[in-house]
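Structure file target-v8.txt (compact mmCIF, C-alpha atoms and all ligand atoms) follows.
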# COMPACT_ATOMS: atom_id res chain seq x y z
CA MET A 1 -19.80 82.81 17.93
CA TYR A 2 -16.75 84.41 19.57
CA PRO A 3 -14.32 82.79 17.07
CA LEU A 4 -16.01 84.89 14.35
CA VAL A 5 -15.85 88.06 16.43
CA ARG A 6 -12.24 87.32 17.28
CA SER A 7 -11.15 86.77 13.70
CA ALA A 8 -12.63 90.18 12.84
CA LEU A 9 -11.02 91.85 15.85
CA PHE A 10 -7.63 90.19 15.31
CA ARG A 11 -7.46 91.76 11.84
CA LEU A 12 -7.38 95.16 13.54
CA ASP A 13 -4.53 96.86 15.32
CA PRO A 14 -4.54 95.35 18.86
CA GLU A 15 -5.08 98.65 20.62
CA LEU A 16 -7.91 99.67 18.30
CA ALA A 17 -9.59 96.27 18.80
CA HIS A 18 -9.20 96.68 22.55
CA ARG A 19 -10.79 100.13 22.51
CA LEU A 20 -13.68 98.97 20.31
CA VAL A 21 -14.51 96.06 22.63
CA LEU A 22 -14.30 98.19 25.75
CA HIS A 23 -16.51 100.92 24.32
CA ALA A 24 -19.03 98.35 23.07
CA LEU A 25 -19.14 96.80 26.57
CA ALA A 26 -19.60 100.27 28.04
CA ALA A 27 -22.34 101.33 25.58
CA VAL A 28 -24.42 98.12 25.54
CA PRO A 29 -23.29 96.05 28.52
CA GLY A 30 -26.03 93.40 28.30
CA ALA A 31 -25.26 92.64 24.63
CA VAL A 32 -22.40 90.40 25.69
CA ARG A 33 -25.04 87.92 26.86
CA LEU A 34 -25.51 87.05 23.16
CA LEU A 35 -21.96 85.67 23.19
CA ALA A 36 -21.95 84.18 26.67
CA PRO A 37 -25.02 83.07 28.62
CA PRO A 38 -25.06 83.99 32.32
CA VAL A 39 -22.84 82.00 34.67
CA SER A 40 -24.64 80.06 37.41
CA PRO A 41 -21.94 79.01 39.84
CA PRO A 42 -22.60 76.11 42.20
CA ALA A 43 -22.52 76.75 45.95
CA SER A 44 -19.22 74.85 46.24
CA LEU A 45 -17.41 77.77 44.56
CA GLN A 46 -18.68 80.45 46.95
CA GLN A 47 -16.18 82.03 49.31
CA THR A 48 -15.70 84.99 51.59
CA VAL A 49 -12.21 86.35 50.98
CA PHE A 50 -10.77 89.41 52.78
CA GLY A 51 -14.27 90.11 54.01
CA ARG A 52 -15.89 90.16 50.55
CA ARG A 53 -18.32 87.57 49.16
CA PHE A 54 -17.42 85.91 45.87
CA PRO A 55 -19.94 83.57 44.16
CA HIS A 56 -17.03 82.03 42.25
CA PRO A 57 -13.29 82.72 42.11
CA LEU A 58 -12.91 84.14 38.57
CA GLY A 59 -12.09 87.82 38.15
CA LEU A 60 -10.74 90.18 35.51
CA ALA A 61 -7.16 91.39 36.04
CA ALA A 62 -6.10 95.04 35.99
CA GLY A 63 -5.19 96.81 32.79
CA LEU A 64 -8.07 95.93 30.49
CA ASP A 65 -10.46 98.56 31.85
CA LYS A 66 -7.96 101.08 33.14
CA ASP A 67 -10.53 103.87 33.49
CA GLY A 68 -13.45 101.81 34.79
CA ILE A 69 -15.69 102.67 31.83
CA ALA A 70 -17.05 99.16 31.18
CA VAL A 71 -17.47 97.61 34.62
CA ASN A 72 -21.17 96.79 34.05
CA GLY A 73 -20.43 95.01 30.76
CA LEU A 74 -17.52 93.13 32.31
CA PHE A 75 -19.76 91.86 35.11
CA ASP A 76 -22.19 90.77 32.39
CA CYS A 77 -19.34 88.60 31.04
CA GLY A 78 -19.72 86.62 34.26
CA PHE A 79 -16.72 87.79 36.31
CA SER A 80 -17.30 87.81 40.06
CA PHE A 81 -14.84 90.65 40.45
CA VAL A 82 -13.32 93.26 38.18
CA GLU A 83 -10.10 95.14 38.89
CA VAL A 84 -9.90 98.53 37.20
CA GLY A 85 -6.73 100.60 36.74
CA THR A 86 -3.89 101.01 37.05
CA VAL A 87 -4.99 104.52 37.85
CA THR A 88 -2.63 107.39 38.67
CA PRO A 89 -3.39 110.72 40.39
CA ARG A 90 -3.11 112.75 37.18
CA PRO A 91 -4.15 111.63 33.69
CA GLN A 92 -1.26 110.49 31.49
CA PRO A 93 -0.99 109.31 27.88
CA GLY A 94 1.28 106.30 28.43
CA ASN A 95 4.08 105.25 26.10
CA PRO A 96 4.23 105.96 22.35
CA ARG A 97 2.45 103.49 20.04
CA PRO A 98 2.72 100.73 19.00
CA ARG A 99 2.78 99.41 22.56
CA LEU A 100 0.54 96.33 22.48
CA PHE A 101 1.43 93.13 20.58
CA ARG A 102 -0.39 89.83 20.13
CA LEU A 103 1.87 86.79 20.10
CA LEU A 104 -0.62 84.43 18.49
CA GLU A 105 1.63 81.36 18.23
CA ASP A 106 2.46 81.68 21.93
CA GLN A 107 -1.02 82.61 23.19
CA ALA A 108 0.60 85.60 24.77
CA ILE A 109 0.67 89.40 24.73
CA ILE A 110 3.54 91.84 25.16
CA ASN A 111 2.54 95.31 26.33
CA ARG A 112 4.34 98.47 27.26
CA MET A 113 1.27 100.65 27.71
CA GLY A 114 2.80 102.66 30.57
CA PHE A 115 -0.26 103.37 32.73
CA ASN A 116 -2.22 105.31 30.13
CA ASN A 117 -5.28 106.42 32.09
CA ALA A 118 -7.74 109.27 32.54
CA GLY A 119 -6.57 110.09 36.07
CA VAL A 120 -8.17 109.14 39.36
CA ALA A 121 -10.83 111.87 39.41
CA GLN A 122 -12.28 110.72 36.08
CA VAL A 123 -12.05 107.05 37.08
CA CYS A 124 -14.09 107.86 40.20
CA ARG A 125 -16.74 109.55 38.06
CA ASN A 126 -16.84 106.46 35.84
CA LEU A 127 -17.14 104.10 38.80
CA MET A 128 -20.18 106.01 40.06
CA ARG A 129 -22.02 104.62 37.01
CA ARG A 130 -21.56 101.08 38.28
CA ARG A 131 -24.90 99.26 38.40
CA ARG A 132 -24.11 95.54 38.76
CA ALA A 133 -23.46 93.57 41.93
CA GLY A 134 -19.90 92.28 42.23
CA VAL A 135 -16.58 93.21 43.76
CA VAL A 136 -14.70 96.10 42.16
CA GLY A 137 -11.01 96.43 42.94
CA VAL A 138 -9.07 99.56 42.07
CA ASN A 139 -5.42 99.12 41.16
CA ILE A 140 -3.39 102.23 42.01
CA GLY A 141 -0.02 103.46 40.79
CA LYS A 142 2.16 106.51 40.49
CA ASN A 143 2.51 108.98 37.63
CA LYS A 144 5.53 108.46 35.39
CA ASP A 145 7.01 111.86 36.28
CA THR A 146 6.67 111.38 40.04
CA PRO A 147 10.10 110.53 41.46
CA ASN A 148 10.24 107.32 43.48
CA ASP A 149 11.05 109.19 46.70
CA GLN A 150 7.65 110.92 46.37
CA ALA A 151 5.77 107.84 45.16
CA ALA A 152 3.92 107.36 48.44
CA GLN A 153 2.10 110.69 47.88
CA ASP A 154 0.68 109.36 44.60
CA TYR A 155 -0.52 106.11 46.17
CA LEU A 156 -2.09 108.05 49.06
CA ALA A 157 -3.80 110.48 46.69
CA CYS A 158 -5.28 107.57 44.72
CA LEU A 159 -6.37 105.75 47.87
CA GLU A 160 -8.13 108.84 49.22
CA ALA A 161 -9.94 109.43 45.93
CA VAL A 162 -11.16 105.86 45.42
CA PHE A 163 -11.71 104.98 49.08
CA HIS A 164 -15.53 104.94 49.02
CA LEU A 165 -15.80 103.40 45.54
CA ALA A 166 -13.37 100.50 45.85
CA ASP A 167 -14.21 97.11 47.33
CA TYR A 168 -10.47 96.59 47.54
CA VAL A 169 -7.39 98.57 46.61
CA ALA A 170 -4.37 96.97 44.92
CA ILE A 171 -0.99 98.66 45.22
CA ASN A 172 0.80 98.14 41.92
CA VAL A 173 4.57 98.21 42.28
CA SER A 174 5.18 95.54 39.68
CA SER A 175 4.45 96.93 36.22
CA PRO A 176 7.58 96.84 34.04
CA ASN A 177 6.46 99.77 31.90
CA THR A 178 6.90 102.71 34.26
CA PRO A 179 10.65 103.33 34.61
CA GLY A 180 11.82 102.55 38.15
CA LEU A 181 8.40 101.42 39.40
CA ARG A 182 9.60 97.94 40.26
CA ASP A 183 12.34 99.42 42.44
CA LEU A 184 9.47 100.14 44.82
CA GLN A 185 9.43 96.38 45.51
CA ASP A 186 12.65 96.89 47.45
CA GLU A 187 11.81 96.09 51.07
CA ALA A 188 13.24 99.31 52.42
CA VAL A 189 10.87 101.27 50.17
CA LEU A 190 7.83 99.02 49.94
CA ILE A 191 7.22 98.34 53.60
CA PRO A 192 6.99 102.06 54.62
CA LEU A 193 4.90 102.77 51.52
CA VAL A 194 2.41 100.02 52.31
CA ARG A 195 2.35 100.98 55.99
CA ALA A 196 1.49 104.57 54.98
CA VAL A 197 -1.34 103.40 52.71
CA ILE A 198 -2.76 101.09 55.39
CA ALA A 199 -2.51 103.82 58.06
CA ARG A 200 -4.39 106.26 55.82
CA ARG A 201 -6.99 103.60 54.99
CA ASP A 202 -7.49 103.07 58.72
CA GLU A 203 -7.91 106.81 59.37
CA LEU A 204 -10.49 107.04 56.59
CA TYR A 205 -12.23 103.97 57.97
CA GLU A 206 -12.43 105.55 61.42
CA ALA A 207 -13.91 108.68 59.86
CA SER A 208 -16.43 106.58 57.91
CA LYS A 209 -17.77 104.99 61.09
CA SER A 210 -20.10 107.93 61.63
CA ARG A 211 -21.73 107.15 58.25
CA VAL A 212 -24.55 104.69 57.67
CA MET A 213 -22.16 102.28 55.93
CA PRO A 214 -18.65 102.27 57.42
CA HIS A 215 -16.18 101.19 54.77
CA ARG A 216 -12.76 99.55 55.09
CA PRO A 217 -11.43 98.46 51.70
CA PRO A 218 -8.80 95.73 52.01
CA VAL A 219 -5.33 96.72 50.78
CA LEU A 220 -3.56 94.22 48.49
CA VAL A 221 -0.09 94.29 46.95
CA LYS A 222 0.54 93.10 43.39
CA LEU A 223 3.95 91.55 42.85
CA ALA A 224 6.13 90.82 39.82
CA PRO A 225 6.92 87.29 38.69
CA ASP A 226 10.58 88.20 38.31
CA LEU A 227 11.38 88.25 42.03
CA ASP A 228 13.32 85.30 43.45
CA GLU A 229 12.13 83.03 46.24
CA VAL A 230 14.10 84.75 48.99
CA SER A 231 12.72 88.21 48.05
CA VAL A 232 9.13 86.96 47.69
CA SER A 233 9.24 85.14 51.01
CA SER A 234 10.82 87.99 52.88
CA LEU A 235 8.45 90.57 51.36
CA ALA A 236 5.49 88.32 52.14
CA ARG A 237 6.41 88.04 55.80
CA GLN A 238 7.07 91.74 56.23
CA LEU A 239 3.96 92.81 54.35
CA MET A 240 1.89 90.41 56.40
CA ALA A 241 3.33 91.92 59.57
CA ALA A 242 2.55 95.39 58.17
CA GLY A 243 -1.11 94.37 57.95
CA VAL A 244 -1.61 93.83 54.23
CA ASP A 245 -4.93 92.09 53.44
CA GLY A 246 -3.88 90.13 50.37
CA PHE A 247 -1.47 89.60 47.49
CA ILE A 248 -1.91 89.49 43.74
CA ALA A 249 0.58 87.17 42.07
CA THR A 250 1.55 88.15 39.47
CA ASN A 251 1.99 91.00 37.04
CA THR A 252 3.60 90.50 33.60
CA THR A 253 7.21 89.31 33.22
CA VAL A 254 10.24 90.93 31.64
CA ALA A 255 11.74 87.46 31.17
CA ARG A 256 11.62 85.95 27.68
CA PRO A 257 11.17 82.20 27.78
CA PRO A 258 11.47 80.62 24.30
CA LEU A 259 8.75 82.20 22.11
CA LYS A 260 7.76 81.63 18.49
CA SER A 261 6.10 84.91 17.52
CA VAL A 262 7.86 87.62 15.50
CA HIS A 263 7.06 90.06 18.29
CA ARG A 264 9.01 88.08 20.89
CA ASP A 265 11.75 90.69 21.28
CA GLU A 266 9.46 93.68 21.77
CA PRO A 267 10.28 95.37 25.07
CA GLY A 268 7.55 95.28 27.71
CA GLY A 269 5.69 92.86 29.94
CA LEU A 270 4.86 89.37 28.69
CA SER A 271 1.55 87.80 29.72
CA GLY A 272 -0.42 84.68 28.82
CA ARG A 273 0.59 81.04 28.52
CA PRO A 274 4.36 81.49 28.86
CA LEU A 275 3.81 83.19 32.24
CA LYS A 276 1.69 80.44 33.78
CA ASP A 277 4.24 78.32 35.61
CA ARG A 278 6.29 81.21 36.90
CA SER A 279 3.29 82.97 38.42
CA THR A 280 2.14 79.70 40.02
CA GLN A 281 5.60 79.34 41.55
CA VAL A 282 5.32 82.80 43.10
CA ILE A 283 1.93 81.80 44.55
CA ARG A 284 3.57 78.74 46.15
CA TRP A 285 6.29 80.86 47.70
CA LEU A 286 3.77 83.38 49.02
CA TYR A 287 1.52 80.69 50.42
CA ALA A 288 4.40 78.88 52.11
CA ALA A 289 5.82 82.09 53.57
CA THR A 290 2.47 83.26 54.94
CA GLY A 291 1.22 79.84 55.95
CA GLY A 292 -1.96 80.64 54.06
CA ARG A 293 -2.77 83.49 56.50
CA VAL A 294 -3.16 86.15 53.82
CA PRO A 295 -5.35 85.46 50.76
CA ILE A 296 -3.70 85.38 47.35
CA ILE A 297 -5.22 86.27 43.98
CA GLY A 298 -3.47 84.10 41.41
CA CYS A 299 -2.92 85.67 37.99
CA GLY A 300 -0.82 84.70 34.98
CA GLY A 301 -1.45 82.45 32.00
CA VAL A 302 -4.74 80.90 33.12
CA PHE A 303 -6.51 79.54 30.01
CA THR A 304 -8.22 76.39 31.29
CA ALA A 305 -9.96 75.13 34.41
CA ASP A 306 -6.87 72.96 35.05
CA ASP A 307 -4.69 76.09 35.00
CA ALA A 308 -7.00 77.85 37.46
CA TYR A 309 -7.24 74.80 39.70
CA GLU A 310 -3.46 74.45 39.75
CA LYS A 311 -3.17 78.03 41.03
CA ILE A 312 -5.84 77.38 43.66
CA ARG A 313 -4.12 74.22 44.86
CA ALA A 314 -0.86 76.17 44.93
CA GLY A 315 -2.44 78.68 47.34
CA ALA A 316 -4.64 81.14 45.45
CA SER A 317 -8.12 81.80 46.83
CA LEU A 318 -9.16 83.74 43.74
CA VAL A 319 -7.94 83.74 40.13
CA GLN A 320 -7.75 86.55 37.58
CA VAL A 321 -7.42 86.43 33.81
CA TYR A 322 -6.54 88.95 31.15
CA THR A 323 -4.76 87.46 28.13
CA SER A 324 -6.97 84.36 27.84
CA PHE A 325 -10.04 86.62 27.89
CA ILE A 326 -8.70 88.32 24.75
CA TYR A 327 -8.03 84.96 23.06
CA GLU A 328 -11.09 83.01 24.23
CA GLY A 329 -13.77 85.66 24.75
CA PRO A 330 -16.52 85.95 27.33
CA GLN A 331 -17.58 82.28 27.33
CA LEU A 332 -14.23 81.61 29.01
CA VAL A 333 -15.62 82.57 32.43
CA ARG A 334 -18.44 80.04 32.24
CA GLN A 335 -16.05 77.30 31.03
CA LEU A 336 -13.62 77.95 33.87
CA VAL A 337 -16.33 78.15 36.52
CA HIS A 338 -17.95 74.89 35.48
CA GLY A 339 -14.60 73.17 34.97
CA LEU A 340 -13.51 74.18 38.47
CA ALA A 341 -16.70 72.81 40.02
CA GLN A 342 -16.05 69.50 38.23
CA ARG A 343 -12.48 69.29 39.47
CA LEU A 344 -13.55 69.97 43.04
CA ALA A 345 -16.15 67.24 42.82
CA ALA A 346 -13.64 64.83 41.25
CA ASP A 347 -11.29 65.45 44.18
CA GLY A 348 -14.16 64.88 46.63
CA LEU A 349 -13.80 68.39 48.07
CA PRO A 350 -16.99 70.05 49.34
CA SER A 351 -15.83 73.63 48.78
CA LEU A 352 -13.23 75.63 46.96
CA ALA A 353 -11.70 76.77 50.24
CA ASP A 354 -10.78 73.13 50.89
CA ALA A 355 -8.64 73.08 47.74
CA VAL A 356 -6.73 76.31 48.45
CA GLY A 357 -3.05 75.58 49.08
CA ARG A 358 -3.54 71.82 49.09
CA ASP A 359 -0.42 71.17 47.01
CA THR A 360 1.75 73.72 48.79
CA ALA A 361 0.63 72.65 52.25
CA LYS A 362 1.89 69.15 51.42
CA SER A 363 5.36 70.38 50.57
CA ARG A 364 5.43 72.46 53.78
CA THR A 365 4.78 69.33 55.79
CA ALA A 366 7.84 67.76 54.19
CA ALA A 367 9.99 70.78 55.11
CA PRO A 368 8.24 72.19 58.13
CA GLY A 369 8.22 75.84 57.26
CA GLU A 370 11.86 76.64 57.93
CA GLY A 371 13.28 76.68 54.38
CA PRO A 372 13.95 79.93 52.50
CA GLY A 373 10.25 80.17 51.70
CA GLY A 374 8.84 78.83 54.93
CA THR A 375 7.88 80.64 58.10
CA SER A 376 8.19 78.93 61.43
CA ALA A 377 5.03 77.74 63.13
CA ARG A 378 5.76 80.04 66.10
CA GLU A 379 6.06 83.12 63.86
CA LEU A 380 2.80 82.24 62.11
CA GLU A 381 1.07 81.76 65.43
CA LYS A 382 1.89 85.37 66.32
CA LEU A 383 0.33 86.62 63.09
CA GLY A 384 -3.10 85.19 63.88
CA PRO A 385 -5.84 83.63 61.77
CA LEU A 386 -6.63 83.98 58.05
CA ARG A 387 -7.57 87.53 57.06
C1 LIG A 401 -2.29 95.02 27.77
C2 LIG A 401 -2.09 94.78 29.23
C3 LIG A 401 -2.14 95.85 30.11
C4 LIG A 401 -1.95 95.64 31.48
N1 LIG A 401 -2.04 96.70 32.33
C5 LIG A 401 -1.90 96.50 33.66
C6 LIG A 401 -2.04 97.57 34.57
O1 LIG A 401 -2.33 98.71 34.20
N2 LIG A 401 -1.87 97.30 35.89
C7 LIG A 401 -1.58 96.06 36.36
O2 LIG A 401 -1.45 95.86 37.57
N3 LIG A 401 -1.47 95.01 35.51
C8 LIG A 401 -1.62 95.20 34.19
N4 LIG A 401 -1.50 94.14 33.33
C9 LIG A 401 -1.15 92.81 33.87
C10 LIG A 401 -2.38 91.94 34.11
O3 LIG A 401 -3.23 92.52 35.08
C11 LIG A 401 -1.95 90.54 34.58
O4 LIG A 401 -1.28 90.67 35.81
C12 LIG A 401 -1.02 89.86 33.59
O5 LIG A 401 -1.41 90.12 32.26
C13 LIG A 401 -0.98 88.34 33.79
O6 LIG A 401 -2.23 87.74 33.57
P1 LIG A 401 -2.63 87.04 32.16
O7 LIG A 401 -1.52 86.11 31.80
O8 LIG A 401 -3.93 86.36 32.46
O9 LIG A 401 -2.76 88.13 31.17
C14 LIG A 401 -1.69 94.33 31.97
C15 LIG A 401 -1.65 93.25 31.08
C16 LIG A 401 -1.85 93.46 29.73
C17 LIG A 401 -1.80 92.28 28.79

Please rewrite the model in this file as structure tokens.
Ligand SMILES: Cc1cc2nc3c(=O)[nH]c(=O)nc-3n(C[C@H](O)[C@H](O)[C@H](O)COP(=O)(O)O)c2cc1C
Amino acid sequence: MYPLVRSALFRLDPELAHRLVLHALAAVPGAVRLLAPPVSPPASLQQTVFGRRFPHPLGLAAGLDKDGIAVNGLFDCGFSFVEVGTVTPRPQPGNPRPRLFRLLEDQAIINRMGFNNAGVAQVCRNLMRRRRAGVVGVNIGKNKDTPNDQAAQDYLACLEAVFHLADYVAINVSSPNTPGLRDLQDEAVLIPLVRAVIARRDELYEASKSRVMPHRPPVLVKLAPDLDEVSVSSLARQLMAAGVDGFIATNTTVARPPLKSVHRDEPGGLSGRPLKDRSTQVIRWLYAATGGRVPIIGCGGVFTADDAYEKIRAGASLVQVYTSFIYEGPQLVRQLVHGLAQRLAADGLPSLADAVGRDTAKSRTAAPGEGPGGTSARELEKLGPLR
């Protein structure tokens, strides 16, 4: 049935179609079950990652539900986790329209939305209406008019506001659509910023210990696919030492591999099929550099169970989708979940955790962790077990 719905939606302006779907999911969350029956994941796909239980590894990436208005409906699509945001301290309108383009021939999207969102206070009010079980991540950013040397204040303000509502917090320093944001991926800037966020999280956690339910949301960092191996590896090691709980790899790319669509030269971030291999490469680098000590959420161009499995074998414990969800609709989650279970069984692996990093671990054995991406066994030893 989704092909019919999609052909109607794809006749509309992309942003209008997006808003219609999101508001429909918010207004009648359960209705999506007409398009996609519930997902029943086998036990082999269950994992505990950064202290949270996931019945299967498929989640929704940030940016679709920036304000957290449709979390219940998105869980009804079958996702085991939903990342809302990017949210900024103050509301902001984002970039002028048009700013969202479908590249049909390439199964891709280019967007330059620019963190349009209702502001963190409103997002918190929306998240209080959450009714479904499932992990909710909140992706945090800075306002466009906040200078980079004051960016940490914005991330801290968002963290403080969402602390009790987020099952994890993702620091977004990798969107290409906020001028200068990706400069925050510079080590000299990023490491102190992340340390400040983690320190504040720990203070809030200490304070929450007197409550019935102490809360310590893991802090993740979302990286761009346009970093090179040396930068990814070095950032990974330093962020791991700073105490980060996980990585999300990756955001959209500013690169333009050969594309067919007329929209190929639109400025902004490219997502979908053309991003797949590059984001998987970044996962490999992260996994090799951290020795699998810090969980990775793989994201970028996942359309099929093979795509998801490739990211898992490269080192991802969890996988997010965005663009394929727009193209394939809600039955995608069920297809991917069942396809993943089949691939695990075909490889004779009892659980998903056994597949994580299997391909990357092999290449590390060949070059025992000392290459540009590797970390020596002694260094890894010091960093302790998997978080
Ligand atoms: C329209 C659109 C808006 C996005 N907005 C955000 C955002 O606000 N924050 C963020 O971290 N990522 C954002 N992303 C990036 C996605 O979360 C994801 O990292 C990227 O699209 C790659 O996954 P995909 O190929 O499955 O789409 C956005 C992507 C799209 C297509």

Subject >> Exercise: segment 16-29 of chain A partners within 10 Å, all atoms listed in the file, chain neighbours under 3 positions left out, as a PyMOL selection string >> reply: chain A and resi 6+8-13+32-33+64-65+68-77+100+326

Original post:
Closest to ligand LIG 401 (chain A) among A:Ala62, A:Leu193, A:Val49, A:Val162, using all atoms listed in the file?
Top reply: A:Ala62

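One distance worth recording is that between atom CA of Leu220 of chain A and atom CA of Arg132 of chain A, which is 22.8 Å.
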
Original post:
Taking (2.2, 100.5, 51.9) in the file's coordinates as the center, which residues reach within 10 Å of it, counting only C-alpha atoms, put as a ChimeraX atom specification?
Top reply: /A:152,155-156,171,189-200,219-221,239,242-244

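Coordinates place atom CA of Ala345 of chain A at a distance of 29.6 Å from atom C10 of ligand LIG 401 (chain A).
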
Give as an mmCIF file with C-alpha atoms, keeping the file's coordinate frame each residue that has an atom at most 9 Å from (-21.9, 86.0, 45.4) in the file, counting all atoms listed in the file.
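Final file, part.cif:
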data_model
loop_
_atom_site.group_PDB
_atom_site.id
_atom_site.type_symbol
_atom_site.label_atom_id
_atom_site.label_comp_id
_atom_site.auth_asym_id
_atom_site.auth_seq_id
_atom_site.Cartn_x
_atom_site.Cartn_y
_atom_site.Cartn_z
ATOM 1 C CA PRO A 41 -21.940 79.010 39.840
ATOM 2 C CA GLN A 46 -18.680 80.450 46.950
ATOM 3 C CA GLN A 47 -16.180 82.030 49.310
ATOM 4 C CA THR A 48 -15.700 84.990 51.590
ATOM 5 C CA ARG A 52 -15.890 90.160 50.550
ATOM 6 C CA ARG A 53 -18.320 87.570 49.160
ATOM 7 C CA PHE A 54 -17.420 85.910 45.870
ATOM 8 C CA PRO A 55 -19.940 83.570 44.160
ATOM 9 C CA HIS A 56 -17.030 82.030 42.250
ATOM 10 C CA SER A 80 -17.300 87.810 40.060
ATOM 11 C CA ALA A 133 -23.460 93.570 41.930
ATOM 12 C CA GLY A 134 -19.900 92.280 42.230
#

Please report, as a tab-separated table, each residue of segment 211-280 of chain A lying at most 7 Å from segment 284-290 of chain A, together with the nearest pair of atoms and the separation in Å rounded to one decimal; use only C-alpha atoms, and order rows by chain and ascending residue number.
residue	atom	partner	partner_atom	distance
A:Glu229	CA	A:Trp285	CA	6.4
A:Val232	CA	A:Leu286	CA	6.6
A:Ser233	CA	A:Ala289	CA	5.2
A:Ala236	CA	A:Leu286	CA	6.1
A:Arg237	CA	A:Thr290	CA	6.3
A:Thr280	CA	A:Arg284	CA	6.4

Restricting the output to C-alpha atoms, write the selected residues as a PDB file, in the frame of the given file.
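The resulting result-v6.pdb:
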ATOM      1  CA  GLU A 229      12.130  83.030  46.240  1.00  0.00           C
ATOM      2  CA  VAL A 232       9.130  86.960  47.690  1.00  0.00           C
ATOM      3  CA  SER A 233       9.240  85.140  51.010  1.00  0.00           C
ATOM      4  CA  ALA A 236       5.490  88.320  52.140  1.00  0.00           C
ATOM      5  CA  ARG A 237       6.410  88.040  55.800  1.00  0.00           C
ATOM      6  CA  THR A 280       2.140  79.700  40.020  1.00  0.00           C
TER       7      THR A 280
END

**OP:** Return as a VMD selection string the residues of protein, DNA or RNA that approach ligand LIG 401 (chain A) to within 7 Å, with all atoms listed in the file taken into account.
**Re:** chain A and resid 61 to 64 66 85 to 86 100 109 to 111 113 115 139 172 174 to 175 222 250 to 252 271 to 273 275 to 276 299 to 302 320 to 324

Subject >> Å distance separating atom CA of Phe50 of chain A from atom CA of Gly246 of chain A, one decimal place >> reply: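 Calculated distance between atom CA of Phe50 of chain A and atom CA of Gly246 of chain A is 7.3 Å.
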
**OP:** Could you check which of A:Ala170, A:Met240, A:Leu45, A:Leu103 is closest to Val337 of chain A, using all atoms listed in the file?
**Re:** A:Leu45
